[in-house]
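One structure is given here, and the rest of the page talks about it.
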Amino acid sequence: MSGAPEFLYEQSGPIVTLTLNMPDLRNPVSEPAIVAGLVSAVDRINGDGSVRVAILTGAGSAFSSGGNLKAMAAPDGNANAAPIDNRKWYVDGIQRVPLALERLEVPIIAAVNGPAIGAGCDLACMCDIRIAGRSAAFAESFVKVGLVPGDGGAWLLPRAIGQSRAREMAFTGDMISAEKALAWGLVSEVVEDADLLDAAMALAKRIAVNPPQAVRLTKRLMTFAQDSTLERVLDISAAMQPLAHATADHREALDAFIDKRKPQFTGR
């Protein structure tokens, strides 16, 4: 295990587990150490061909409380800062997180182990797949403290659950349970709290057995497709597919199919 005490990076085979590790503050994603940890982890994973999947979770009883409200209210906090300084704080701080996770090349699974509030809810939405423990809860709660989603939530949440439900969450700030999150499509599975990391790891292993370059290309293609036309998606697909055909793993998959054996993928 490595990383700063506030953010942990642990690799087991092809799977990396990232842990927000400020449980006393309920893992506020706005903290500089957590922002720096997430951005650094993305760079580290993208540069490490042995990593095929990542899992993101929180230490303690919360996934992430979002922003640190006590720090905001402090004499030198956001509530008392000049607007130009606040803008710089967001651009140089928490807004680096969605941009980093968007360029993460491998799939990332959010293992939501407790409340995911405000920016914490948005952090979960930045991940490709979300699994929730039964005690998890979600709130796009910025309006409750007189704020707007400053971390990309207005873009992220509607893409996860649709405009109507996203606007309901954003306009009311109300909390929804893990079960409602499942019904709304915000998470793909709800498991018992004690089984959460095992479930996330099991899913990660199901992804990791596939050819890693094909998985990375598929993630890039699906990210591109979110804001594109069918014609442009077909065009980029036609450009990506020859790259996939040229990999040794594609040849291995074909040979294994013909030989009726289990393929051995190397990432080449």
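In the structure tokens, chains take the letters A, B, ... in the order shown, each chain's residues start at 1, and ligands count up from 1 in the order shown.
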Considering only C-alpha atoms, return as a PyMOL selection string whatever protein or nucleic-acid residues lie within 8 Å of region 109-120 of chain A, sequence-local ones (same chain, fewer than 6 positions apart) excluded.
chain A and resi 28-30+53-58+61-67+127-133+135-142+149+151+153+193+196-197+200+204
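Distances from A:Pro98, A:Gly173, A:Pro242, A:Gly47 to Leu217 (chain A) were compared using only C-alpha atoms, and the smallest one belongs to A:Pro242.
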Nearest to Leu104 (chain A): which of A:Met169, A:Met72, A:Leu182, A:Val39 is it, counting only C-alpha atoms?
A:Val39
Members of region 15-246 of chain A assigned alpha helix (DSSP H) by DSSP, as a PyMOL selection string:
chain A and resi 32-46+69-73+83-92+96-102+119-125+153-161+163-172+178-184+196-208+212-225+230-245
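The coordinates place CA of Lys144 (chain A) at 9.1 Å from CA of Phe171 (chain A).
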Can you tell me how far CA of Pro212 (chain A) sits from CA of Gly267 (chain A), in Å to one decimal?
5.3 Å
Residue among A:Met222, A:Leu99, A:Val51, A:Ala160 lying closest to Val187 (chain A), counting only C-alpha atoms
A:Ala160
Please identify all polymer residues within 9 Å of Gln11 (chain A), counting only C-alpha atoms, omitting same-chain residues fewer than 2 positions from it, and present them as number ranges by chain.
A: 1-2, 9, 13-18, 51, 54
Those residues with N, CA and C atoms, as a compact mmCIF listing (two decimals), in the first residue's frame please?
# COMPACT_ATOMS: atom_id res chain seq x y z
N MET A 1 0.85 -1.19 0.00
CA MET A 1 0.00 0.00 0.00
C MET A 1 0.88 1.24 0.00
N SER A 2 0.50 2.24 -0.80
CA SER A 2 1.30 3.45 -0.87
C SER A 2 0.39 4.66 -0.97
N TYR A 9 -3.27 4.02 -2.06
CA TYR A 9 -3.16 3.36 -3.36
C TYR A 9 -2.64 1.96 -3.11
N GLY A 13 -2.35 -7.60 -8.05
CA GLY A 13 -2.39 -8.07 -9.42
C GLY A 13 -2.74 -6.93 -10.36
N PRO A 14 -3.73 -7.12 -11.24
CA PRO A 14 -4.08 -6.06 -12.19
C PRO A 14 -5.08 -5.04 -11.65
N ILE A 15 -5.44 -5.13 -10.37
CA ILE A 15 -6.51 -4.29 -9.81
C ILE A 15 -5.93 -3.35 -8.77
N VAL A 16 -6.24 -2.07 -8.89
CA VAL A 16 -5.82 -1.05 -7.93
C VAL A 16 -7.04 -0.60 -7.12
N THR A 17 -6.88 -0.53 -5.81
CA THR A 17 -7.92 0.02 -4.93
C THR A 17 -7.46 1.37 -4.40
N LEU A 18 -8.27 2.38 -4.63
CA LEU A 18 -8.00 3.74 -4.18
C LEU A 18 -8.95 4.04 -3.02
N VAL A 51 -1.95 -2.38 -14.80
CA VAL A 51 -3.24 -2.09 -14.16
C VAL A 51 -4.35 -2.21 -15.19
N ALA A 54 -9.67 -0.24 -11.69
CA ALA A 54 -9.51 0.45 -10.41
C ALA A 54 -10.82 0.42 -9.64
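Proximity to Ala4 (chain A) at 9 Å, evaluated using only C-alpha atoms and with sequence-adjacent residues fewer than 5 positions away removed, yields Tyr9, Ala33, Ile34 and Gly37 of chain A.
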Would you output that residue set with N, CA, C and O atoms, as a compact mmCIF listing (two decimals), in the first residue's frame?
# COMPACT_ATOMS: atom_id res chain seq x y z
N TYR A 9 -3.27 4.02 -2.06
CA TYR A 9 -3.16 3.36 -3.36
C TYR A 9 -2.64 1.96 -3.11
O TYR A 9 -1.54 1.78 -2.60
N ALA A 33 -5.32 17.30 -0.22
CA ALA A 33 -4.60 16.01 -0.22
C ALA A 33 -5.37 14.96 -1.01
O ALA A 33 -4.77 14.11 -1.69
N ILE A 34 -6.70 14.99 -0.94
CA ILE A 34 -7.50 14.02 -1.69
C ILE A 34 -7.52 14.37 -3.17
O ILE A 34 -7.41 13.49 -4.04
N GLY A 37 -4.20 13.33 -4.45
CA GLY A 37 -4.12 11.88 -4.49
C GLY A 37 -4.84 11.29 -5.68
O GLY A 37 -4.32 10.38 -6.36
